[in-house]
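*Asks:* Please find one structure pasted underneath; my questions will follow.
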Amino acid sequence: MLVYEERLKDSMLGRMETRLKIVSLLTVVIIFVSLKDRGLLALGVLGLAGAALATGIRPSAMVKKMLWLLPFTGLLIVLFPFFTPGEPVWTLSTPLFRLAASGAGVTKAVYLALRVVNAALAVSLLVQTTPLSKLLHGFRQLRLPGIMVSLVAFTLRYVQVFHDEIRRMQLAMKARGFRRGRHLLHRRSMQVTGLMLGSLFLRSYQRGERIYLAMLSRGYHSDSDCCGHCPPGARDWLTGTALVAFGLGLKLAEWRGLAIWL
Amino acid sequence: MALIEINNLYFRYKDGTQALRGLTLRIEGGRKTAILGPNGAGKSTMLLHLNGIHLAQQGEVLFAGEAVSRSNERQVRSRVGMVFQDPDDQVFSATVWEDVAFGPSNMGLSHKEIEARVHAALKATGMWDYAGKAPYHLSYGQKKRVAIAGILAMDPEVIILDEPVAFLDPRGKDTVFAILNELNRRGATVIIATHDVDLAAEWADDVIVIAGGRCLAQGGTELLVNERVIREAELRYPVVARIFQELPELELPVLPGNVPAAVAALRRHLFAVKGK
Ligand SMILES: Nc1ncnc2c1ncn2[C@@H]1O[C@H](COP(=O)(O)OP(=O)(O)O)[C@@H](O)[C@H]1O
Ligand SMILES: [Mg+2]
């Protein structure tokens with residue numbers, strides 16, 4: 001899940017000053033998204049994945065997180081080749097219809113996939129190495145509008161609430177002998193899952209409200225999430241510079257046309 | 001003047017449920033007060049008024065002589081801490097440490113001060129060794145202690161606990177009450193809401209009985225052996241009292257409601273027998 005992990009505290013990124021971390025990761029993502037070369041984009045993914053590994057995020061956890069993205073962008077990526085006009089590179093023929101994947105579409109899909117993975121890696125690097133309170137404080141110090149910071153705060157908190165609620169419901173269902181069907185179209189599984197989702201939203205809504213009350217009673221107000229202020233040190237600047245330099249290096253390579261061989 | 005005064009308070013939830021109907025009570029500072037009443041009596045609703053989560057719709061809630069209102073709710077919240085019934089509603093951060101730091105950072109304290117307070121609160125509740133753990137891996141009793149630590153770290157004058165020992169095992173209950181008694185000894189006002197008559201009889205200095213959104217009676221623990229109060233509030237006698245109800249031959253003028261009272265009554269009786 002997208003939450004801070006205490007064990008990453010002593011990693012390079014875990015120790016980095018928050019504002020600098022946010023800015024340098026954001027810069028890297030922006031640079032990557034602007035890359036027009038597939039090879040360089042892929043190199044960027046490798047670079048960030050390498051950084052995640054060096055930080056101590058397990059590869060299996062990384063892959064899992066990417067799977068979470070599938071429902072949102074996976075469909076788009078799969079459909080792109082078929083809906084983008086261009087030279088067909090592959091056709092699916094059935095008696096009823098013919099589907100042609102265009103070369104331009106495939107390229108577009110690959111770009112989208114690489115960019116999404118890049119952004120996801122950067123976000124998980126940031127969120128997993130930064131305690132929530134520090135992260136929000138960092139956003140505030142960077143003068144992000146209060147309402148946006150609150151949105152981030154509640155989203156991250158409620159992701160956890162949702163997750164907990166799902167865990168409890170699944171456990172209770174298992175305890176009464178429910179087993180998920182082996183395939184997605186298993187009728188009873190679908191029914192039960194639908195019911196579960198419905199009550200999940202209701203329960204999470206109610207719990208969310210109680211949590212909000214409990215937060216208020218501990219003095220929460222939209223401009224809180226505030227604690228001390230310490231400026232970045234030499235080591236922070238070094239890490240930040242290394243990150244941004246990696247991004248800039250790729251951009252430079254693209255600009256000077258050094259990437260033809262990739 | 002009592003520390004907390006509630007006068008003729010009415011409160012209706014959005015769905016139309018009238019939870020409080022003219023509640024009037026006072027709570028003295030520096031004491032241990034139990035709010036007693038059956039489920040649905042309005043205890044939780046009343047408590048949420050004490051630190052300004054709900055504001056009076058009709059009537060008034062006075063804290064230290066001042067009406068709790070939109071303009072001073074934040075200040076009141078830093079002086080009155082509330083531990084919710086379900087620790088899962090209160091404890092939501094990724095680590096225990098971060099969760100306990102939530103209140104103090106809302107108060108705008110310095111980083112150093114926050115660290116000191118979190119340390120003290122986790123030590124006082126015996127949860128220091130779990131500081132780096134994710135709360136959802138903890139047992140229910142441990143989560144409850146984290147929830148209490150989260151309030152202790154704000155160093156409030158008044159600490160309110162809604163059903164503090166519901167679902168706790170005997171050991172967990174003892175731990176919670178040891179923490180509460182220590183707080184009270186150091187001068188904090190402790191208020192708990194409960195439907196457990198035995199608990200109130202053993203622990204409280206003052207008892208307030210609520211039913212149907214109104215205050216039925218207010219006084220010492222002797223209220224808990226008062227036949228009218230027990231009946232009207234749909235409570236039952238404390239176990240200790242029920243034992244003595246079965247022994248009319250002792251001819252006690254009042255039923256003892258808790259262990260010290262029972263011991264005193266028995267001693268008196270035994271000496272009287274010996275004297276004959
Ligand atoms: N959020 C809410 N919305 C609507 N009704 C509520 C809500 N919370 C409590 N109630 C109702 O208000 C009454 C008093 O509830 P509560 O204060 O929780 O009682 P107690 O804590 O003494 O068990 C009950 O009838 C309850 O159903
Ligand atoms: Mg209640």
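Please note that chains go A, B, ... in the order of the structure tokens, that every chain numbers its residues from 1, and that ligands are numbered from 1 in the order shown.
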Could you write out as a PyMOL selection string the residues of chain A within 9 Å of chain B, counting only C-alpha atoms?

*Replies:* chain A and resi 3-7+131-133+157-158+160-161+164+207-221+223-229

*Asks:* What residues of the protein or nucleic acid chains come within 7 Å of ligand 1 when you use only C-alpha atoms and all ligand atoms? Reply as number ranges by chain.

*Replies:* B: 13-15, 17-19, 37-46

*Asks:* Write out as a ChimeraX atom specification which residues come within 12 Å of B:Ala233 when counting only C-alpha atoms, dropping same-chain ones fewer than 6 positions away.

*Replies:* /B:35-41,195,197,208-217,223-224,226-227

*Asks:* Those residues with all heavy atoms, as a short mmCIF file (atom, residue, chain, number, x, y, z; two decimals), in the first residue's frame please?

*Replies:*
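Final output, out_3.cif:
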```cif
data_model
loop_
_atom_site.label_atom_id
_atom_site.label_comp_id
_atom_site.auth_asym_id
_atom_site.auth_seq_id
_atom_site.Cartn_x
_atom_site.Cartn_y
_atom_site.Cartn_z
N ILE B 35 -19.95 8.66 34.01
CA ILE B 35 -21.26 8.93 33.42
C ILE B 35 -21.86 7.57 33.12
O ILE B 35 -21.31 6.80 32.35
CB ILE B 35 -21.14 9.70 32.10
CG1 ILE B 35 -20.14 10.83 32.19
CG2 ILE B 35 -22.51 10.15 31.62
CD1 ILE B 35 -20.62 12.05 32.87
N LEU B 36 -22.97 7.27 33.75
CA LEU B 36 -23.54 5.93 33.66
C LEU B 36 -24.88 5.99 32.96
O LEU B 36 -25.64 6.93 33.18
CB LEU B 36 -23.70 5.39 35.08
CG LEU B 36 -23.76 3.89 35.22
CD1 LEU B 36 -22.39 3.32 34.95
CD2 LEU B 36 -24.20 3.53 36.63
N GLY B 37 -25.15 4.99 32.15
CA GLY B 37 -26.46 4.97 31.49
C GLY B 37 -26.52 3.82 30.51
O GLY B 37 -25.48 3.35 30.06
N PRO B 38 -27.73 3.38 30.17
CA PRO B 38 -27.86 2.26 29.22
C PRO B 38 -27.42 2.69 27.82
O PRO B 38 -27.22 3.87 27.57
CB PRO B 38 -29.35 1.94 29.26
CG PRO B 38 -30.01 3.21 29.67
CD PRO B 38 -29.03 3.90 30.59
N ASN B 39 -27.30 1.73 26.91
CA ASN B 39 -26.96 2.06 25.52
C ASN B 39 -28.00 3.00 24.95
O ASN B 39 -29.19 2.83 25.18
CB ASN B 39 -26.92 0.79 24.67
CG ASN B 39 -25.65 0.00 24.91
OD1 ASN B 39 -24.60 0.57 25.18
ND2 ASN B 39 -25.76 -1.32 24.87
N GLY B 40 -27.54 4.01 24.22
CA GLY B 40 -28.46 4.94 23.59
C GLY B 40 -28.95 6.04 24.51
O GLY B 40 -29.82 6.82 24.13
N ALA B 41 -28.39 6.12 25.72
CA ALA B 41 -28.85 7.12 26.69
C ALA B 41 -28.43 8.53 26.28
O ALA B 41 -29.05 9.51 26.70
CB ALA B 41 -28.29 6.80 28.07
N HIS B 195 -21.55 1.73 30.69
CA HIS B 195 -22.83 1.16 31.14
C HIS B 195 -22.55 0.08 32.18
O HIS B 195 -23.43 -0.66 32.57
CB HIS B 195 -23.62 0.60 29.96
CG HIS B 195 -22.84 -0.39 29.15
ND1 HIS B 195 -22.32 -0.09 27.92
CD2 HIS B 195 -22.46 -1.64 29.41
CE1 HIS B 195 -21.67 -1.13 27.45
NE2 HIS B 195 -21.74 -2.09 28.35
N VAL B 197 -22.02 -0.97 35.70
CA VAL B 197 -22.31 -0.46 37.03
C VAL B 197 -21.20 -0.82 38.02
O VAL B 197 -20.80 0.00 38.85
CB VAL B 197 -23.64 -1.04 37.55
CG1 VAL B 197 -24.07 -0.34 38.82
CG2 VAL B 197 -24.71 -0.92 36.50
N ILE B 208 -22.80 10.19 37.59
CA ILE B 208 -23.91 10.90 36.96
C ILE B 208 -24.68 9.87 36.16
O ILE B 208 -24.10 9.17 35.32
CB ILE B 208 -23.39 12.01 36.03
CG1 ILE B 208 -22.67 13.07 36.86
CG2 ILE B 208 -24.54 12.63 35.24
CD1 ILE B 208 -21.94 14.10 36.03
N VAL B 209 -25.97 9.74 36.44
CA VAL B 209 -26.76 8.72 35.73
C VAL B 209 -27.62 9.41 34.68
O VAL B 209 -28.36 10.35 34.98
CB VAL B 209 -27.65 7.93 36.70
CG1 VAL B 209 -28.42 6.85 35.95
CG2 VAL B 209 -26.81 7.33 37.81
N ILE B 210 -27.47 8.94 33.42
CA ILE B 210 -28.21 9.52 32.30
C ILE B 210 -29.12 8.47 31.69
O ILE B 210 -28.75 7.31 31.58
CB ILE B 210 -27.23 10.01 31.21
CG1 ILE B 210 -26.39 11.15 31.73
CG2 ILE B 210 -27.96 10.45 29.97
CD1 ILE B 210 -25.49 11.73 30.67
N ALA B 211 -30.32 8.87 31.31
CA ALA B 211 -31.19 7.97 30.55
C ALA B 211 -32.10 8.82 29.69
O ALA B 211 -32.54 9.90 30.11
CB ALA B 211 -32.01 7.09 31.48
N GLY B 212 -32.33 8.39 28.46
CA GLY B 212 -33.22 9.11 27.56
C GLY B 212 -32.83 10.56 27.33
O GLY B 212 -33.69 11.41 27.13
N GLY B 213 -31.52 10.83 27.35
CA GLY B 213 -31.07 12.18 27.04
C GLY B 213 -31.24 13.17 28.18
O GLY B 213 -31.13 14.37 27.98
N ARG B 214 -31.55 12.66 29.40
CA ARG B 214 -31.71 13.53 30.56
C ARG B 214 -30.87 13.00 31.70
O ARG B 214 -30.55 11.82 31.76
CB ARG B 214 -33.16 13.57 31.01
CG ARG B 214 -33.93 14.70 30.39
CD ARG B 214 -35.29 14.85 31.03
NE ARG B 214 -36.25 15.13 29.99
CZ ARG B 214 -37.07 14.22 29.47
NH1 ARG B 214 -37.09 13.00 29.95
NH2 ARG B 214 -37.89 14.55 28.50
N CYS B 215 -30.54 13.89 32.65
CA CYS B 215 -29.81 13.45 33.82
C CYS B 215 -30.81 12.98 34.87
O CYS B 215 -31.69 13.72 35.27
CB CYS B 215 -28.98 14.61 34.37
SG CYS B 215 -28.10 14.19 35.86
N LEU B 216 -30.68 11.71 35.27
CA LEU B 216 -31.61 11.15 36.25
C LEU B 216 -31.19 11.45 37.67
O LEU B 216 -32.01 11.67 38.55
CB LEU B 216 -31.68 9.64 36.10
CG LEU B 216 -32.69 9.06 35.14
CD1 LEU B 216 -32.68 7.57 35.26
CD2 LEU B 216 -34.08 9.62 35.45
N ALA B 217 -29.88 11.38 37.91
CA ALA B 217 -29.39 11.60 39.26
C ALA B 217 -27.91 11.91 39.19
O ALA B 217 -27.22 11.53 38.25
CB ALA B 217 -29.60 10.35 40.10
N LEU B 223 -25.55 6.28 44.79
CA LEU B 223 -26.65 6.31 43.83
C LEU B 223 -26.86 4.94 43.19
O LEU B 223 -27.96 4.61 42.76
CB LEU B 223 -26.33 7.29 42.70
CG LEU B 223 -26.51 8.78 42.96
CD1 LEU B 223 -26.18 9.54 41.71
CD2 LEU B 223 -27.94 9.04 43.39
N LEU B 224 -25.78 4.17 43.13
CA LEU B 224 -25.83 2.91 42.38
C LEU B 224 -26.56 1.81 43.14
O LEU B 224 -26.76 0.72 42.62
CB LEU B 224 -24.42 2.46 42.02
CG LEU B 224 -23.69 3.52 41.20
CD1 LEU B 224 -22.27 3.12 40.92
CD2 LEU B 224 -24.43 3.78 39.90
N ASN B 226 -29.38 2.82 44.74
CA ASN B 226 -30.67 3.47 44.93
C ASN B 226 -31.69 2.82 44.00
O ASN B 226 -31.55 2.84 42.78
CB ASN B 226 -30.50 4.96 44.59
CG ASN B 226 -31.78 5.74 44.75
OD1 ASN B 226 -32.83 5.31 44.28
ND2 ASN B 226 -31.69 6.88 45.40
N GLU B 227 -32.71 2.24 44.59
CA GLU B 227 -33.67 1.43 43.83
C GLU B 227 -34.33 2.22 42.70
O GLU B 227 -34.43 1.75 41.57
CB GLU B 227 -34.73 0.89 44.80
CG GLU B 227 -35.44 -0.34 44.30
CD GLU B 227 -36.79 0.01 43.70
OE1 GLU B 227 -37.43 0.93 44.21
OE2 GLU B 227 -37.17 -0.63 42.70
#
```

*Asks:* Please extract the residues of stretch 137-267 of chain B with a backbone DSSP assignment of alpha helix (DSSP H) and present them as a ChimeraX atom specification.

*Replies:* /B:140-152,170-185,197-203,227-232,239-245,259-267

*Asks:* Which neighbours of B:Gln58 fall inside 10 Å, counting only C-alpha atoms, when residues of the same chain fewer than 6 positions from it are skipped, and could you give them as a PDB file with all heavy atoms, in the first residue's frame?

*Replies:*
```pdb
ATOM      1  N   ASN B   7     -26.202  23.016  31.034  1.00  0.00           N
ATOM      2  CA  ASN B   7     -27.523  23.486  31.426  1.00  0.00           C
ATOM      3  C   ASN B   7     -28.538  23.273  30.327  1.00  0.00           C
ATOM      4  O   ASN B   7     -28.391  23.805  29.224  1.00  0.00           O
ATOM      5  CB  ASN B   7     -27.476  24.978  31.781  1.00  0.00           C
ATOM      6  CG  ASN B   7     -26.673  25.198  33.056  1.00  0.00           C
ATOM      7  OD1 ASN B   7     -26.777  24.431  34.015  1.00  0.00           O
ATOM      8  ND2 ASN B   7     -25.822  26.218  33.043  1.00  0.00           N
ATOM      9  N   ASN B   8     -29.544  22.446  30.618  1.00  0.00           N
ATOM     10  CA  ASN B   8     -30.700  22.285  29.745  1.00  0.00           C
ATOM     11  C   ASN B   8     -30.325  22.081  28.278  1.00  0.00           C
ATOM     12  O   ASN B   8     -30.825  22.757  27.390  1.00  0.00           O
ATOM     13  CB  ASN B   8     -31.591  23.530  29.894  1.00  0.00           C
ATOM     14  CG  ASN B   8     -33.015  23.213  29.489  1.00  0.00           C
ATOM     15  OD1 ASN B   8     -33.420  22.035  29.572  1.00  0.00           O
ATOM     16  ND2 ASN B   8     -33.753  24.212  29.053  1.00  0.00           N
ATOM     17  N   LEU B   9     -29.432  21.117  28.044  1.00  0.00           N
ATOM     18  CA  LEU B   9     -28.881  20.900  26.704  1.00  0.00           C
ATOM     19  C   LEU B   9     -29.776  19.986  25.868  1.00  0.00           C
ATOM     20  O   LEU B   9     -30.184  18.921  26.308  1.00  0.00           O
ATOM     21  CB  LEU B   9     -27.488  20.280  26.842  1.00  0.00           C
ATOM     22  CG  LEU B   9     -26.713  19.996  25.562  1.00  0.00           C
ATOM     23  CD1 LEU B   9     -26.363  21.294  24.858  1.00  0.00           C
ATOM     24  CD2 LEU B   9     -25.435  19.227  25.885  1.00  0.00           C
ATOM     25  N   TYR B  10     -30.045  20.448  24.654  1.00  0.00           N
ATOM     26  CA  TYR B  10     -30.797  19.634  23.689  1.00  0.00           C
ATOM     27  C   TYR B  10     -29.905  19.371  22.488  1.00  0.00           C
ATOM     28  O   TYR B  10     -29.151  20.243  22.075  1.00  0.00           O
ATOM     29  CB  TYR B  10     -32.045  20.372  23.199  1.00  0.00           C
ATOM     30  CG  TYR B  10     -33.178  20.344  24.190  1.00  0.00           C
ATOM     31  CD1 TYR B  10     -33.188  21.217  25.274  1.00  0.00           C
ATOM     32  CD2 TYR B  10     -34.231  19.465  24.035  1.00  0.00           C
ATOM     33  CE1 TYR B  10     -34.223  21.194  26.193  1.00  0.00           C
ATOM     34  CE2 TYR B  10     -35.279  19.436  24.946  1.00  0.00           C
ATOM     35  CZ  TYR B  10     -35.262  20.305  26.020  1.00  0.00           C
ATOM     36  OH  TYR B  10     -36.289  20.274  26.914  1.00  0.00           O
ATOM     37  N   PHE B  11     -29.986  18.157  21.932  1.00  0.00           N
ATOM     38  CA  PHE B  11     -29.238  17.898  20.696  1.00  0.00           C
ATOM     39  C   PHE B  11     -29.981  16.903  19.830  1.00  0.00           C
ATOM     40  O   PHE B  11     -30.419  15.860  20.288  1.00  0.00           O
ATOM     41  CB  PHE B  11     -27.830  17.377  21.004  1.00  0.00           C
ATOM     42  CG  PHE B  11     -26.965  17.290  19.774  1.00  0.00           C
ATOM     43  CD1 PHE B  11     -26.246  18.396  19.330  1.00  0.00           C
ATOM     44  CD2 PHE B  11     -26.892  16.114  19.037  1.00  0.00           C
ATOM     45  CE1 PHE B  11     -25.466  18.330  18.181  1.00  0.00           C
ATOM     46  CE2 PHE B  11     -26.121  16.047  17.884  1.00  0.00           C
ATOM     47  CZ  PHE B  11     -25.403  17.152  17.464  1.00  0.00           C
ATOM     48  N   ARG B  12     -30.122  17.272  18.565  1.00  0.00           N
ATOM     49  CA  ARG B  12     -30.820  16.409  17.613  1.00  0.00           C
ATOM     50  C   ARG B  12     -29.877  16.114  16.445  1.00  0.00           C
ATOM     51  O   ARG B  12     -29.245  17.013  15.906  1.00  0.00           O
ATOM     52  CB  ARG B  12     -32.062  17.142  17.097  1.00  0.00           C
ATOM     53  CG  ARG B  12     -32.866  16.349  16.072  1.00  0.00           C
ATOM     54  CD  ARG B  12     -33.672  17.308  15.199  1.00  0.00           C
ATOM     55  NE  ARG B  12     -34.805  17.885  15.901  1.00  0.00           N
ATOM     56  CZ  ARG B  12     -36.008  17.291  15.977  1.00  0.00           C
ATOM     57  NH1 ARG B  12     -36.209  16.134  15.412  1.00  0.00           N
ATOM     58  NH2 ARG B  12     -36.977  17.874  16.615  1.00  0.00           N
ATOM     59  N   LEU B  20     -30.337  14.258  23.035  1.00  0.00           N
ATOM     60  CA  LEU B  20     -30.343  14.893  24.352  1.00  0.00           C
ATOM     61  C   LEU B  20     -31.602  15.742  24.485  1.00  0.00           C
ATOM     62  O   LEU B  20     -31.961  16.475  23.559  1.00  0.00           O
ATOM     63  CB  LEU B  20     -29.096  15.776  24.522  1.00  0.00           C
ATOM     64  CG  LEU B  20     -27.743  15.064  24.397  1.00  0.00           C
ATOM     65  CD1 LEU B  20     -26.605  16.066  24.549  1.00  0.00           C
ATOM     66  CD2 LEU B  20     -27.611  13.950  25.424  1.00  0.00           C
ATOM     67  N   ARG B  21     -32.245  15.614  25.662  1.00  0.00           N
ATOM     68  CA  ARG B  21     -33.503  16.349  25.874  1.00  0.00           C
ATOM     69  C   ARG B  21     -33.472  17.060  27.206  1.00  0.00           C
ATOM     70  O   ARG B  21     -34.027  16.583  28.176  1.00  0.00           O
ATOM     71  CB  ARG B  21     -34.688  15.398  25.893  1.00  0.00           C
ATOM     72  CG  ARG B  21     -34.693  14.370  24.807  1.00  0.00           C
ATOM     73  CD  ARG B  21     -35.535  13.183  25.255  1.00  0.00           C
ATOM     74  NE  ARG B  21     -35.418  12.138  24.269  1.00  0.00           N
ATOM     75  CZ  ARG B  21     -36.313  11.916  23.290  1.00  0.00           C
ATOM     76  NH1 ARG B  21     -37.400  12.631  23.219  1.00  0.00           N
ATOM     77  NH2 ARG B  21     -36.111  10.972  22.422  1.00  0.00           N
ATOM     78  N   GLY B  22     -32.785  18.189  27.238  1.00  0.00           N
ATOM     79  CA  GLY B  22     -32.781  18.966  28.471  1.00  0.00           C
ATOM     80  C   GLY B  22     -31.853  18.410  29.524  1.00  0.00           C
ATOM     81  O   GLY B  22     -32.217  18.232  30.682  1.00  0.00           O
TER      82      GLY B  22
END
```

*Asks:* Using only C-alpha atoms, which residues sit within 9 Å of A:Val29 once same-chain residues fewer than 4 positions away are excluded, as a tab-separated table (two decimals) with all heavy atoms, in the first residue's frame?

*Replies:*
```tsv
chain	number	residue	atom	x	y	z
A	24	SER	N	12.74	17.55	-6.17
A	24	SER	CA	13.62	16.86	-7.11
A	24	SER	C	12.90	15.68	-7.78
A	24	SER	O	13.09	15.45	-8.97
A	24	SER	CB	14.94	16.43	-6.46
A	24	SER	OG	14.77	16.04	-5.14
A	25	LEU	N	12.05	14.97	-7.01
A	25	LEU	CA	11.33	13.87	-7.66
A	25	LEU	C	10.36	14.40	-8.72
A	25	LEU	O	10.23	13.85	-9.80
A	25	LEU	CB	10.59	13.04	-6.62
A	25	LEU	CG	11.47	12.04	-5.87
A	25	LEU	CD1	10.72	11.39	-4.72
A	25	LEU	CD2	11.99	10.95	-6.82
A	33	VAL	N	8.63	12.78	-18.49
A	33	VAL	CA	7.41	12.83	-19.28
A	33	VAL	C	7.67	13.57	-20.59
A	33	VAL	O	7.05	13.30	-21.61
A	33	VAL	CB	6.26	13.47	-18.47
A	33	VAL	CG1	5.10	13.81	-19.37
A	33	VAL	CG2	5.81	12.51	-17.38
A	34	SER	N	8.61	14.49	-20.56
A	34	SER	CA	8.89	15.27	-21.77
A	34	SER	C	9.78	14.52	-22.76
A	34	SER	O	9.95	14.95	-23.89
A	34	SER	CB	9.56	16.59	-21.38
A	34	SER	OG	10.93	16.35	-21.12
A	115	ARG	N	5.46	6.16	-19.22
A	115	ARG	CA	5.28	7.39	-18.43
A	115	ARG	C	4.54	7.11	-17.13
A	115	ARG	O	4.90	7.63	-16.07
A	115	ARG	CB	4.51	8.43	-19.25
A	115	ARG	CG	5.42	9.07	-20.26
A	115	ARG	CD	4.69	10.08	-21.09
A	115	ARG	NE	5.65	10.60	-22.08
A	115	ARG	CZ	5.32	11.02	-23.27
A	115	ARG	NH1	4.05	11.03	-23.64
A	115	ARG	NH2	6.24	11.47	-24.09
A	118	ASN	N	6.81	5.42	-14.73
A	118	ASN	CA	7.75	6.41	-14.20
A	118	ASN	C	7.13	7.22	-13.06
A	118	ASN	O	7.71	7.34	-11.98
A	118	ASN	CB	8.14	7.39	-15.32
A	118	ASN	CG	9.56	7.14	-15.79
A	118	ASN	OD1	10.40	6.78	-14.97
A	118	ASN	ND2	9.80	7.30	-17.06
A	119	ALA	N	5.96	7.76	-13.34
A	119	ALA	CA	5.30	8.60	-12.34
A	119	ALA	C	4.98	7.78	-11.09
A	119	ALA	O	5.20	8.23	-9.96
A	119	ALA	CB	4.03	9.20	-12.92
A	122	ALA	N	8.04	7.23	-8.99
A	122	ALA	CA	8.45	8.44	-8.27
A	122	ALA	C	7.53	8.69	-7.08
A	122	ALA	O	7.99	9.00	-5.98
A	122	ALA	CB	8.43	9.64	-9.21
A	247	GLY	N	17.96	12.84	-14.53
A	247	GLY	CA	16.91	13.24	-15.47
A	247	GLY	C	17.47	14.12	-16.57
A	247	GLY	O	17.25	13.88	-17.76
```

*Asks:* For stretch 74-90 of chain A, work out the shell of residues within 8 Å, counting only C-alpha atoms and skipping chain neighbours fewer than 4 positions away, then give it as a CSV table (one decimal) with N, CA, C and O atoms, in the first residue's frame.

*Replies:*
```
chain,number,residue,atom,x,y,z
A,69,LEU,N,-2.3,-0.2,-10.7
A,69,LEU,CA,-2.6,0.8,-11.7
A,69,LEU,C,-3.4,0.2,-12.9
A,69,LEU,O,-4.0,0.9,-13.7
A,70,LEU,N,-3.3,-1.1,-13.1
A,70,LEU,CA,-3.8,-1.7,-14.3
A,70,LEU,C,-5.3,-1.3,-14.5
A,70,LEU,O,-5.6,-1.0,-15.7
A,99,LEU,N,-10.0,-6.4,-36.4
A,99,LEU,CA,-9.4,-5.4,-35.6
A,99,LEU,C,-7.9,-5.2,-36.1
A,99,LEU,O,-7.2,-6.2,-36.2
A,100,ALA,N,-7.6,-4.0,-36.3
A,100,ALA,CA,-6.2,-3.7,-36.7
A,100,ALA,C,-5.5,-2.8,-35.7
A,100,ALA,O,-6.0,-1.8,-35.3
A,101,ALA,N,-4.3,-3.3,-35.3
A,101,ALA,CA,-3.5,-2.5,-34.4
A,101,ALA,C,-2.5,-1.7,-35.3
A,101,ALA,O,-1.8,-2.2,-36.1
A,102,SER,N,-2.5,-0.3,-35.1
A,102,SER,CA,-1.7,0.5,-35.9
A,102,SER,C,-0.3,0.7,-35.2
A,102,SER,O,-0.2,0.6,-34.0
A,103,GLY,N,0.7,0.9,-36.1
A,103,GLY,CA,2.0,1.1,-35.5
A,103,GLY,C,2.1,2.3,-34.6
A,103,GLY,O,2.6,2.3,-33.5
A,104,ALA,N,1.4,3.4,-35.1
A,104,ALA,CA,1.4,4.6,-34.3
A,104,ALA,C,0.8,4.3,-32.9
A,104,ALA,O,1.2,4.9,-31.9
A,105,GLY,N,-0.3,3.5,-33.0
A,105,GLY,CA,-1.0,3.2,-31.7
A,105,GLY,C,-0.1,2.5,-30.8
A,105,GLY,O,-0.1,2.8,-29.6
A,106,VAL,N,0.6,1.5,-31.3
A,106,VAL,CA,1.5,0.7,-30.4
A,106,VAL,C,2.5,1.6,-29.8
A,106,VAL,O,2.7,1.6,-28.5
A,107,THR,N,3.1,2.5,-30.6
A,107,THR,CA,4.0,3.4,-30.0
A,107,THR,C,3.4,4.3,-28.9
A,107,THR,O,4.0,4.4,-27.8
A,108,LYS,N,2.2,4.8,-29.2
A,108,LYS,CA,1.6,5.6,-28.2
A,108,LYS,C,1.4,4.8,-26.9
A,108,LYS,O,1.6,5.4,-25.8
A,109,ALA,N,0.9,3.6,-27.0
A,109,ALA,CA,0.7,2.7,-25.9
A,109,ALA,C,1.9,2.5,-25.1
A,109,ALA,O,1.9,2.6,-23.8
A,110,VAL,N,3.0,2.3,-25.8
A,110,VAL,CA,4.3,2.1,-25.1
A,110,VAL,C,4.7,3.3,-24.3
A,110,VAL,O,5.1,3.3,-23.1
A,112,LEU,N,2.7,5.7,-23.2
A,112,LEU,CA,1.8,5.9,-22.0
A,112,LEU,C,2.3,5.0,-20.9
A,112,LEU,O,2.4,5.4,-19.7
A,113,ALA,N,2.5,3.7,-21.2
A,113,ALA,CA,2.9,2.8,-20.2
A,113,ALA,C,4.1,3.2,-19.5
A,113,ALA,O,4.2,3.3,-18.2
```

*Asks:* When you draw a straight line from atom CA of A:Leu20 to atom CA of A:Leu41, how long is it in Å?

*Replies:*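 We find that atom CA of A:Leu20 and atom CA of A:Leu41 lie 23.3 Å from each other.
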
*Asks:* What lies within 12 Å of stretch 49-54 of chain A using only C-alpha atoms, ignoring chain neighbours under 2 positions off, as an MDAnalysis selection string?

*Replies:* chainID A and resid 8 10:14 25 42:47 56:63 66 117:129 239 242:243 246

*Asks:* Provide the atom CA of B:Leu62 to atom CA of B:Leu3 distance in Å, to one decimal place.

*Replies:* 8.0 Å
